[in-house]
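> Just dropping this structure here.
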Protein chains: 2
Amino acid sequence: MSTILPFQAVTHEPGQSRYAALAAALKARIVRGEWPPGSAIPAEQSLADQHGVALGTMRRALELLSEQGFLDRQHGRGTFVKPGLSGAPMFRFFRFGEGGDTPPQSSILARQTQAAKAEVAAALGLGPGEPVLHLKRLRSVAGQACLLEDIWLPLPLFEPLLSPEHPTADWGDLLYPLFGQRCGVHVHRAVDSISFGQLSASAARALKLPAGHPCARVSRQAFDMSGRCIEWRHTVGDAHAFHYTVSIV
Amino acid sequence: MSTILPFQAVTHEPGQSRYAALAAALKARIVRGEWPPGSAIPAEQSLADQHGVALGTMRRALELLSEQGFLDRQHGRGTFVKPGLSGAPMFRFFRFGEGGDTPPQSSILARQTQAAKAEVAAALGLGPGEPVLHLKRLRSVAGQACLLEDIWLPLPLFEPLLSPEHPTADWGDLLYPLFGQRCGVHVHRAVDSISFGQLSASAARALKLPAGHPCARVSRQAFDMSGRCIEWRHTVGDAHAFHYTVSIV
DNA sequence: AAGTGGTCTAGACCACATC
DNA sequence: ATGTGGTCTAGACCACTTG
């Protein structure tokens with residue numbers, strides 16, 4: 001069996017190291033879906049042969065992609081494509097209940113298509129008025145309403161979530177695994193913006209708090225591996241339950 | 001001239017890689033003050049010879065310390081000991097003024113020695129009742145009071161800050177450089193905890209806001225290179241000026 | 001020109017996971 | 001026993017900074 005070396009020639013501009021070019025080439029193969037999330041990629045030596053570089057150089061490229069969160073290297077087992085963020089750890093910003101080991105629950109209050117307003121379109125990188133799916137979602141701990149979320153998703157992509165065969169009651173408590181299973185969308189990274197404000201009358205009603213009660217607001221942009229924004233989310237919760245810890249280095 | 005190899009023998013327990021042991025040994029030499037912050041350490045080849053390892057192994061150790069924030073490597077110039085955090089970017093949590101290019105100002109409202117209360121002692125890793133220096137500090141932008149801070153520093157160490165020859169009016173707008181110059185203390189990393197509350201009457205007075213006004217609270221522990229806590233700080237500011245952005249990967 | 005860190009190679013051997 | 005990633009070596013050459 002003859003061995004084909006389709007990736008041997010890597011565009012290697014001066015000013016860029018070979019391992020960086022290799023990493024870019026491998027990343028392209030990942031993003032293209034050649035190796036699905038969670039699956040193993042070929043062994044180091046095999047990849048080094050394919051690209052015609054020394055083992056050490058290929059290792060350098062793989063380590064780079066590992067640092068960037070695209071690969072997961074496991075001693076003795078192999079190198080795997082990172083499956084993406086599973087639980088969106090929104091609750092790390094809040095502390096509800098005491099020793100609450102009960103997992104947060106999720107219920108979808110509304111699901112509808114909309115024309116994207118300016119802010120939503122800007123966040124998602126769409127033109128204003130393009131179709132989006134809007135979700136309103138309440139998250140509870142031990143039956144107690146805690147967080148209220150507005151979520152916007154670009155629509156051709158998230159069409160499967162509109163299917164009446166899958167009522168929102170069956171969606172489960174985590175959205176990101178659902179995005180992966182039903183829409184083939186994997187969240188690779190996210191950016192959260194935090195501020196404080198007062199609850200609107202309707203939000204206060206849903207959270208069973210007085211209108212105007214102080215709240216913490218978290219606005220999230222979530223991105224897939226190719227870098228496009230695939231979710232815009234706005235979350236509010238009781239400001240007194242807010243807490244967060246940051247390390248500065 | 002005979003060459004002495006005092007660091008050749010590095011305790012190298014099984015289960016630990018040689019470069020990790022080398023990194024620990026080098027870090028010890030840094031923490032001990034053998035190479036002061038900001039100064040250059042010997043060249044890679046020289047260190048490799050000193051420790052009797054291959055160049056690549058020493059490079060691995062140096063890269064590790066660089067990732068951990070102890071060293072700063074500069075192509076063509078050398079490897080330097082990180083000088084420590086200079087500006088403690090407390091204002092990255094808040095947005096005061098508009099295009100405010102005016103740098104934040106600092107004024108010390110109080111400076112006194114105290115016996116550490118339980119919370120302060122715990123944060124600083126002291127026994128309760130041990131002596132600490134307490135500072136009260138107001139930070140302003142364009143003459144407008146913005147943040148009120150309570151700062152506690154362990155006392156044998158920060159004695160120089162009590163000197164009446166250096167009135168607090170001359171301290172300047174940044175504390176961490178002062179800690180370095182006058183006390184030989186360099187802040188290597190810090191941990192900030194954020195929560196929400198209401199202004200006490202006295203804090204409200206200092207910030208020219210109504211008592212009970214919503215505020216953001218930031219509690220900071222700052223550590224030096226050896227890992228001991230050398231500052232406990234409590235900061236409050238108008239909650240409506242608070243904003244913060246986090247990346248999740 | 002000399003000295004520094006950055007890249008790349010080719011090969012040996014080790015540690016871990018799996019069959 | 002086999003295959004995987006992790007460590008270490010020894011050496012060549014490149015790129016950047018400084019005198």
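Note on naming: chains are A, B, ... as they come in the structure tokens, residues start from 1 per chain, ligands start from 1 in the order shown.
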Got a sec to pull out which chain D residues are within 10 Å of chain A, counting only C-alpha atoms (C1' of nucleotides), and send them as a PyMOL selection string?

chain D and resi 3-6+15

> Next, the residues of the selection above should be written as a PDB file, in the first residue's frame with C-alpha atoms (C1' of nucleotides).


ATOM      1  C1'  DG D   3       1.452   1.349  21.017  1.00  0.00           C
ATOM      2  C1'  DT D   4       1.003   5.793  22.982  1.00  0.00           C
ATOM      3  C1'  DG D   5       2.813  10.119  24.814  1.00  0.00           C
ATOM      4  C1'  DG D   6       6.844  12.023  28.062  1.00  0.00           C
ATOM      5  C1'  DA D  15      17.040  35.271  14.649  1.00  0.00           C
TER       6       DA D  15
END

> Residues of chain A were defined as contacting chain B if any atom lay at most 6 Å from it, counting only C-alpha atoms; please report them as a ChimeraX atom specification.

/A:189-196,240,242-249

> Report the residues of range 5-229 of chain B whose backbone DSSP state falls under strand (DSSP E or B), written as a PyMOL selection string.

chain B and resi 40-41+71-74+78-81+94+105-115+131-141+144-154+189-198+214-223+229

> Taking only C-alpha atoms (C1' of nucleotides) into account, which residues of chain A are within 9 Å of chain C, as a list in words?

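In the required form, that comes to Ser17, Arg18, Tyr19, Val53, Ala54, Leu55, Gly56, Thr57, His75, Gly76 and Arg77 of chain A.
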
> Kindly export the residues of the current selection with N, CA, C and O atoms, as a PDB file, in the first residue's frame.


ATOM      1  N   SER A  17       7.320  30.089  12.515  1.00  0.00           N
ATOM      2  CA  SER A  17       8.051  28.857  12.779  1.00  0.00           C
ATOM      3  C   SER A  17       7.317  27.691  12.123  1.00  0.00           C
ATOM      4  O   SER A  17       6.127  27.762  11.831  1.00  0.00           O
ATOM      5  N   ARG A  18       8.044  26.606  11.906  1.00  0.00           N
ATOM      6  CA  ARG A  18       7.445  25.461  11.253  1.00  0.00           C
ATOM      7  C   ARG A  18       6.380  24.829  12.135  1.00  0.00           C
ATOM      8  O   ARG A  18       5.327  24.429  11.659  1.00  0.00           O
ATOM      9  N   TYR A  19       6.645  24.771  13.450  1.00  0.00           N
ATOM     10  CA  TYR A  19       5.648  24.135  14.314  1.00  0.00           C
ATOM     11  C   TYR A  19       4.364  24.955  14.374  1.00  0.00           C
ATOM     12  O   TYR A  19       3.267  24.411  14.485  1.00  0.00           O
ATOM     13  N   VAL A  53       8.329  16.050   8.975  1.00  0.00           N
ATOM     14  CA  VAL A  53       9.122  16.801   9.954  1.00  0.00           C
ATOM     15  C   VAL A  53       9.614  15.840  11.032  1.00  0.00           C
ATOM     16  O   VAL A  53       9.141  14.700  11.120  1.00  0.00           O
ATOM     17  N   ALA A  54      10.537  16.325  11.835  1.00  0.00           N
ATOM     18  CA  ALA A  54      11.046  15.506  12.933  1.00  0.00           C
ATOM     19  C   ALA A  54       9.972  15.366  14.007  1.00  0.00           C
ATOM     20  O   ALA A  54       9.071  16.207  14.129  1.00  0.00           O
ATOM     21  N   LEU A  55      10.098  14.326  14.788  1.00  0.00           N
ATOM     22  CA  LEU A  55       9.118  14.062  15.840  1.00  0.00           C
ATOM     23  C   LEU A  55       8.986  15.245  16.793  1.00  0.00           C
ATOM     24  O   LEU A  55       7.886  15.662  17.153  1.00  0.00           O
ATOM     25  N   GLY A  56      10.140  15.787  17.194  1.00  0.00           N
ATOM     26  CA  GLY A  56      10.137  16.889  18.152  1.00  0.00           C
ATOM     27  C   GLY A  56       9.369  18.092  17.641  1.00  0.00           C
ATOM     28  O   GLY A  56       8.681  18.781  18.411  1.00  0.00           O
ATOM     29  N   THR A  57       9.482  18.355  16.351  1.00  0.00           N
ATOM     30  CA  THR A  57       8.777  19.502  15.777  1.00  0.00           C
ATOM     31  C   THR A  57       7.270  19.272  15.816  1.00  0.00           C
ATOM     32  O   THR A  57       6.494  20.167  16.173  1.00  0.00           O
ATOM     33  N   HIS A  75      -1.241  10.607  28.285  1.00  0.00           N
ATOM     34  CA  HIS A  75      -0.059   9.749  28.326  1.00  0.00           C
ATOM     35  C   HIS A  75      -0.470   8.278  28.183  1.00  0.00           C
ATOM     36  O   HIS A  75      -1.245   7.771  28.983  1.00  0.00           O
ATOM     37  N   GLY A  76       0.062   7.631  27.172  1.00  0.00           N
ATOM     38  CA  GLY A  76      -0.199   6.199  26.987  1.00  0.00           C
ATOM     39  C   GLY A  76      -1.461   5.885  26.207  1.00  0.00           C
ATOM     40  O   GLY A  76      -1.632   4.758  25.748  1.00  0.00           O
ATOM     41  N   ARG A  77      -2.368   6.893  26.059  1.00  0.00           N
ATOM     42  CA  ARG A  77      -3.634   6.614  25.386  1.00  0.00           C
ATOM     43  C   ARG A  77      -3.705   7.232  23.998  1.00  0.00           C
ATOM     44  O   ARG A  77      -4.126   6.566  23.047  1.00  0.00           O
TER      45      ARG A  77
END

> So how many Å separate CA of Leu22 in chain A and CA of Asp49 in chain A, to one decimal?

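Rounded to one decimal, the two atoms are 12.4 Å apart.
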
> Please provide as a list in words all residues within 12 Å of Ala28 in chain B, with the sequence filter that same-chain residues fewer than 3 positions apart are discarded (counting only C-alpha atoms (C1' of nucleotides)).

Phe7, Val10, Ala21, Leu22, Ala23, Ala24, Ala25, Val31, Arg32, Gly33, Glu34, Trp35, Leu65, Phe70, Met225, Ser226 and Gly227 of chain B

> Selected residues, all heavy atoms, written as a tab-separated table (two decimals), in the first residue's frame, please.


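After the write, out-v5.tsv holds the following:
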chain	number	residue	atom	x	y	z
B	7	PHE	N	25.62	23.28	41.96
B	7	PHE	CA	24.22	22.91	41.82
B	7	PHE	C	24.04	21.67	40.97
B	7	PHE	O	22.95	21.32	40.58
B	7	PHE	CB	23.44	24.07	41.22
B	7	PHE	CG	23.56	25.31	42.05
B	7	PHE	CD1	24.42	26.32	41.69
B	7	PHE	CD2	22.84	25.43	43.22
B	7	PHE	CE1	24.55	27.44	42.47
B	7	PHE	CE2	22.97	26.57	44.01
B	7	PHE	CZ	23.83	27.57	43.62
B	10	VAL	N	21.12	17.68	41.90
B	10	VAL	CA	19.75	18.12	42.20
B	10	VAL	C	18.97	16.91	42.69
B	10	VAL	O	18.99	15.87	42.05
B	10	VAL	CB	19.09	18.72	40.95
B	10	VAL	CG1	17.62	18.93	41.17
B	10	VAL	CG2	19.77	20.01	40.57
B	21	ALA	N	12.65	19.23	38.58
B	21	ALA	CA	13.56	19.39	39.71
B	21	ALA	C	14.48	20.60	39.49
B	21	ALA	O	14.74	21.38	40.41
B	21	ALA	CB	14.38	18.12	39.90
B	22	LEU	N	14.94	20.74	38.25
B	22	LEU	CA	15.78	21.90	37.94
B	22	LEU	C	15.02	23.20	38.15
B	22	LEU	O	15.56	24.15	38.73
B	22	LEU	CB	16.23	21.82	36.47
B	22	LEU	CG	17.38	20.87	36.15
B	22	LEU	CD1	17.53	20.74	34.64
B	22	LEU	CD2	18.66	21.37	36.78
B	23	ALA	N	13.78	23.22	37.70
B	23	ALA	CA	12.97	24.42	37.86
B	23	ALA	C	12.82	24.76	39.34
B	23	ALA	O	12.95	25.92	39.74
B	23	ALA	CB	11.60	24.23	37.21
B	24	ALA	N	12.58	23.74	40.16
B	24	ALA	CA	12.43	23.98	41.59
B	24	ALA	C	13.73	24.54	42.17
B	24	ALA	O	13.70	25.46	43.00
B	24	ALA	CB	12.03	22.69	42.30
B	25	ALA	N	14.85	23.99	41.72
B	25	ALA	CA	16.13	24.46	42.23
B	25	ALA	C	16.38	25.91	41.83
B	25	ALA	O	16.81	26.73	42.65
B	25	ALA	CB	17.26	23.57	41.71
B	31	VAL	N	13.98	32.89	44.73
B	31	VAL	CA	13.29	33.30	45.95
B	31	VAL	C	14.30	33.72	47.02
B	31	VAL	O	14.07	34.67	47.77
B	31	VAL	CB	12.39	32.15	46.47
B	31	VAL	CG1	11.88	32.44	47.86
B	31	VAL	CG2	11.24	31.91	45.51
B	32	ARG	N	15.43	33.00	47.07
B	32	ARG	CA	16.46	33.31	48.06
B	32	ARG	C	17.07	34.69	47.80
B	32	ARG	O	17.75	35.25	48.66
B	32	ARG	CB	17.55	32.24	47.97
B	32	ARG	CG	18.44	32.16	49.19
B	32	ARG	CD	19.77	31.53	48.86
B	32	ARG	NE	19.61	30.31	48.09
B	32	ARG	CZ	20.61	29.75	47.40
B	32	ARG	NH1	21.80	30.32	47.39
B	32	ARG	NH2	20.41	28.66	46.71
B	33	GLY	N	16.84	35.23	46.60
B	33	GLY	CA	17.34	36.56	46.30
B	33	GLY	C	18.69	36.56	45.62
B	33	GLY	O	19.33	37.60	45.50
B	34	GLU	N	19.12	35.39	45.15
B	34	GLU	CA	20.43	35.31	44.50
B	34	GLU	C	20.47	36.20	43.26
B	34	GLU	O	21.49	36.81	42.97
B	34	GLU	CB	20.70	33.85	44.13
B	34	GLU	CG	22.05	33.61	43.49
B	34	GLU	CD	22.41	32.13	43.48
B	34	GLU	OE1	21.72	31.35	44.17
B	34	GLU	OE2	23.34	31.76	42.80
B	35	TRP	N	19.35	36.23	42.54
B	35	TRP	CA	19.21	37.14	41.40
B	35	TRP	C	18.04	38.07	41.69
B	35	TRP	O	16.89	37.64	41.67
B	35	TRP	CB	18.94	36.36	40.12
B	35	TRP	CG	19.99	35.33	39.81
B	35	TRP	CD1	21.32	35.54	39.61
B	35	TRP	CD2	19.78	33.92	39.66
B	35	TRP	NE1	21.95	34.36	39.35
B	35	TRP	CE2	21.04	33.34	39.37
B	35	TRP	CE3	18.67	33.09	39.74
B	35	TRP	CZ2	21.20	31.98	39.16
B	35	TRP	CZ3	18.84	31.73	39.52
B	35	TRP	CH2	20.10	31.18	39.24
B	65	LEU	N	9.41	27.88	34.33
B	65	LEU	CA	9.42	29.01	35.25
B	65	LEU	C	8.88	30.26	34.56
B	65	LEU	O	8.28	31.12	35.21
B	65	LEU	CB	10.83	29.26	35.77
B	65	LEU	CG	11.33	28.19	36.73
B	65	LEU	CD1	12.77	28.45	37.12
B	65	LEU	CD2	10.46	28.15	37.98
B	70	PHE	N	7.75	33.45	36.89
B	70	PHE	CA	8.93	33.81	37.66
B	70	PHE	C	10.03	34.41	36.79
B	70	PHE	O	10.84	35.18	37.27
B	70	PHE	CB	9.48	32.57	38.39
B	70	PHE	CG	8.58	32.08	39.47
B	70	PHE	CD1	7.74	31.00	39.25
B	70	PHE	CD2	8.56	32.70	40.70
B	70	PHE	CE1	6.89	30.55	40.25
B	70	PHE	CE2	7.71	32.25	41.70
B	70	PHE	CZ	6.87	31.18	41.47
B	225	MET	N	6.85	36.01	45.94
B	225	MET	CA	7.33	34.85	45.19
B	225	MET	C	7.41	33.59	46.03
B	225	MET	O	7.26	32.48	45.52
B	225	MET	CB	8.71	35.16	44.60
B	225	MET	CG	8.64	36.03	43.35
B	225	MET	SD	10.23	36.12	42.54
B	225	MET	CE	11.27	36.74	43.87
B	226	SER	N	7.66	33.76	47.32
B	226	SER	CA	7.78	32.56	48.16
B	226	SER	C	6.41	32.00	48.52
B	226	SER	O	6.32	30.95	49.15
B	226	SER	CB	8.56	32.89	49.44
B	226	SER	OG	7.78	33.71	50.28
B	227	GLY	N	5.35	32.69	48.14
B	227	GLY	CA	4.01	32.15	48.35
B	227	GLY	C	3.34	32.63	49.62
B	227	GLY	O	2.20	32.27	49.89

> Please run DSSP on the backbone and report, as a PyMOL selection string, all residues within range 27-217 of chain A that come out as helix (DSSP H, G or I).

chain A and resi 27-31+44-51+55-67+90-93+118-124+155-162+168-170+175-183+201-207

> Tell me, as a PyMOL selection string, which residues lie within 7 Å of Ala115 in chain A, counting only C-alpha atoms (C1' of nucleotides); anything in the same chain fewer than 2 positions away does not count.

chain A and resi 117+129-132

> Return the single residue from B:Pro83, B:Phe223, B:Gln181, B:Glu231 that is closest to Leu155 in chain B, with distances computed using only C-alpha atoms.

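That would be B:Glu231, the residue with the smallest distance to Leu155 in chain B.
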
> Compile the contact shell of Gly180 in chain B as a ChimeraX atom specification: residues with an atom at most 12 Å away, counting only C-alpha atoms (C1' of nucleotides), same-chain residues fewer than 2 positions apart removed.

/B:36-38,83-87,157-158,160-161,174-178,182-188,224,230

> Could you work out how far CA of Phe80 in chain B lies from CA of Ile41 in chain B, giving the answer in Å with one decimal?

5.9 Å
